Amino acid sequence: MKILVLGGSVFLSKAVATDALERGHEVTCATRGTSGPVPDGATFVAWDRTQEVPGELAGASYDAVVDVARIPSWVRKGVAAFPSAHWVFVSTVNAYADDSVPDGTPGTLELREPRHEDADLGTDPEAYGPMKVACEQLVRQGAASWTVIRPGLIVGPGDPTGRFTYWPVRLADGGEALAGGRPGDRMQVIDVRDLAAWIVTCAEQRTGGDLDGVGEVMPLSRMLAETAAGVGSDATFTWVPQEFLAEQGVEPWMGPEALPLWLPRPECDGLGTHDPAPSYAAGLVLRPVADTARDTLAWVRATPDAPVSGMSRDREAAVLAAWHSLRE
């Protein structure tokens with residue numbers, strides 16, 4: 001197949017191009033070229049998507065297009081240029097309107113209202129989900145066939161957010177580790193390589209419809225235990241209620257003061273608990289969390305500038321000390 005990856009130099013889009021090349025497909029990566037190289041073997045075409053389609057692409061024909069964009073004007077331009085290809089559009093679970101509903105599927109959850117105008121997420125981060133919904137609509141309206149995939153938390157080697165990465169790094173150090181909320185709070189992650197492989201399969205099979213790109217739903221205690229096992233850690237966990245974490249100024253999810261993977265409940269009960277069964281039925285195959293943790297830690301140790309989001313060890317120790325003091 002001839003596959004056009006709109007991107008190809010960073011994380012998921014690069015993993016997609018890599019997987020497609022390994023299967024013997026002819027891959028073209030169209031990207032600005034400012035975020036790093038595309039995989040060896042792929043054809044690179046420079047395209048700033050604020051500009052018109054470059055001549056190298058304008059006359060080309062592709063069997064499939066993979067797009068991870070979040071800007072409606074970019075998607076509108078791309079679909080108009082390659083309407084006969086099968087589009088695999090990577091959206092997000094943030095497209096859903098209610099983050100509190102657990103165990104949802106694309107067939108049971110309402111979407112946000114679309115935002116068709118481009119927005120700067122630096123000043124308007126709430127536009128992310130609505131713009132993705134608008135991008136989905138553009139693909140459905142303009143492409144000959146399409147797959148819309150809505151991923152949850154994508155993790156693994158190369159992760160530019162550093163959210164899950166915090167845990168393999170932290171647990172490799174051992175000792176008492178701060179864990180947020182309740183051990184039974186549920187969460188799911190998906191390894192970037194598993195998601196990329198499934199995207200290529202959807203392109204090959206011209207899979208149709210809307211699907212969630214999510215991993216197995218499991219108690220957070222199990223996810224952290226599997227992460228510890230993957231990095232050979234003997235760390236112990238101290239579970240601290242979310243009310244106390246909030247009092248201490250600990251942020252959820254990501255950031256320099258954050259405890260990654262912890263989410264406020266019940267308002268975020270749905271964010272990490274989408275039902276993966278429809279995606280399994282459509283060919284998604286997952287590796288164990290322990291394997292992802294092992295490989296993520298190896299990537300961090302081999303990459304001096306690998307981003308790791310989350311609180312410092314000193315900050316963690318201070319929160320734990322405050323919790324133990326309260327319990328005495």
# chains A, B, ... in the order shown; residues from 1 in each chain; ligands from 1
$ residues_around --residues "range 140-155 of chain A" --least-positions-apart "5" --cutoff "7 Å" --atoms "only C-alpha atoms" --output "PyMOL selection string"
chain A and resi 79-80+83-93+164+189-192+207-214+272
$ select_by_dssp --residues "range 88-231 of chain A" --states "strand (DSSP E or B)" --output "PyMOL selection string"
chain A and resi 88-90+96+111+145-151+154-155+176-180+186-187+190-191+209-213+218-219
$ write_last_selection --atoms "C-alpha atoms" --output "short mmCIF file (atom, residue, chain, number, x, y, z; two decimals), in the first residue's frame"
data_model
loop_
_atom_site.label_atom_id
_atom_site.label_comp_id
_atom_site.auth_asym_id
_atom_site.auth_seq_id
_atom_site.Cartn_x
_atom_site.Cartn_y
_atom_site.Cartn_z
CA VAL A 88 -7.62 6.97 9.59
CA PHE A 89 -8.17 10.04 11.71
CA VAL A 90 -6.74 10.05 15.23
CA TYR A 96 -16.75 13.18 24.55
CA LEU A 111 -19.78 14.20 21.71
CA SER A 145 -13.97 5.75 3.62
CA TRP A 146 -12.70 6.39 7.09
CA THR A 147 -11.83 5.17 10.57
CA VAL A 148 -12.04 7.58 13.50
CA ILE A 149 -9.95 6.43 16.46
CA ARG A 150 -10.26 8.21 19.81
CA PRO A 151 -7.26 7.36 22.00
CA ILE A 154 -0.98 7.13 25.03
CA VAL A 155 2.22 6.01 26.75
CA GLU A 176 7.81 4.56 49.75
CA ALA A 177 5.88 5.97 46.82
CA LEU A 178 2.95 8.35 47.04
CA ALA A 179 -0.19 7.07 45.30
CA GLY A 180 -3.32 9.14 44.86
CA ARG A 186 -9.69 2.48 37.64
CA MET A 187 -7.41 3.63 34.83
CA ILE A 190 -2.30 2.29 25.67
CA ASP A 191 1.24 1.70 24.45
CA GLY A 209 -16.58 3.57 11.94
CA ASP A 210 -15.72 5.20 15.25
CA LEU A 211 -13.55 3.35 17.78
CA ASP A 212 -11.76 4.16 21.03
CA GLY A 213 -8.00 3.59 21.07
CA MET A 218 -7.76 -1.97 35.59
CA PRO A 219 -7.51 -0.80 39.20
#
$ residues_around --residues "Leu21 in chain A" --least-positions-apart "5" --cutoff "8 Å" --atoms "only C-alpha atoms" --output "JSON, numbers by chain"
{"A": [26, 27, 41, 42]}
$ residues_around --residues "Gln242 in chain A" --least-positions-apart "4" --cutoff "9 Å" --atoms "only C-alpha atoms" --output "PyMOL selection string"
chain A and resi 180-182+246-247+262-265
$ closest_residue --among "A:Leu171, A:Val319, A:Met223, A:Ala17" --to "Glu257 in chain A" --atoms "only C-alpha atoms"
A:Val319
$ residues_around --residues "Lys77 in chain A" --least-positions-apart "5" --cutoff "9 Å" --atoms "only C-alpha atoms" --output "list in words"
Arg49, Glu52, Val53, Pro72 and Phe82 of chain A
$ select_by_dssp --residues "range 36-253 of chain A" --states "alpha helix (DSSP H)" --output "ChimeraX atom specification"
/A:55-58,72-81,128-142,166-172,192-205,220-230,242-247
$ closest_residue --among "A:Val66, A:Ala197, A:Cys268, A:Val139" --to "Asp185 in chain A" --atoms "only C-alpha atoms"
A:Cys268
$ closest_residue --among "A:Gly162, A:Pro288, A:Gly156, A:Gly107" --to "Leu259 in chain A" --atoms "only C-alpha atoms"
A:Gly162
$ atom_distance --atom1 "CA of Gly36 in chain A" --atom2 "CA of Gly8 in chain A"
9.1 Å
$ residues_around --residues "range 290-305 of chain A" --least-positions-apart "6" --cutoff "12 Å" --atoms "only C-alpha atoms" --output "ChimeraX atom specification"
/A:154-160,162-173,189-194,215,222-233
$ closest_residue --among "A:Glu316, A:Asp275, A:Asp98, A:Asp40" --to "Ser9 in chain A" --atoms "only C-alpha atoms"
A:Asp40
$ residues_around --residues "Val5 in chain A" --least-positions-apart "4" --cutoff "8 Å" --atoms "only C-alpha atoms" --output "list in words"
Ser13, Val16, Ala17, Val27, Thr28, Cys29, Ala30, Val65, Val66 and Asp67 of chain A
$ closest_residue --among "A:Val101, A:Val75, A:Met254, A:Ala127" --to "Glu267 in chain A" --atoms "only C-alpha atoms"
A:Val101
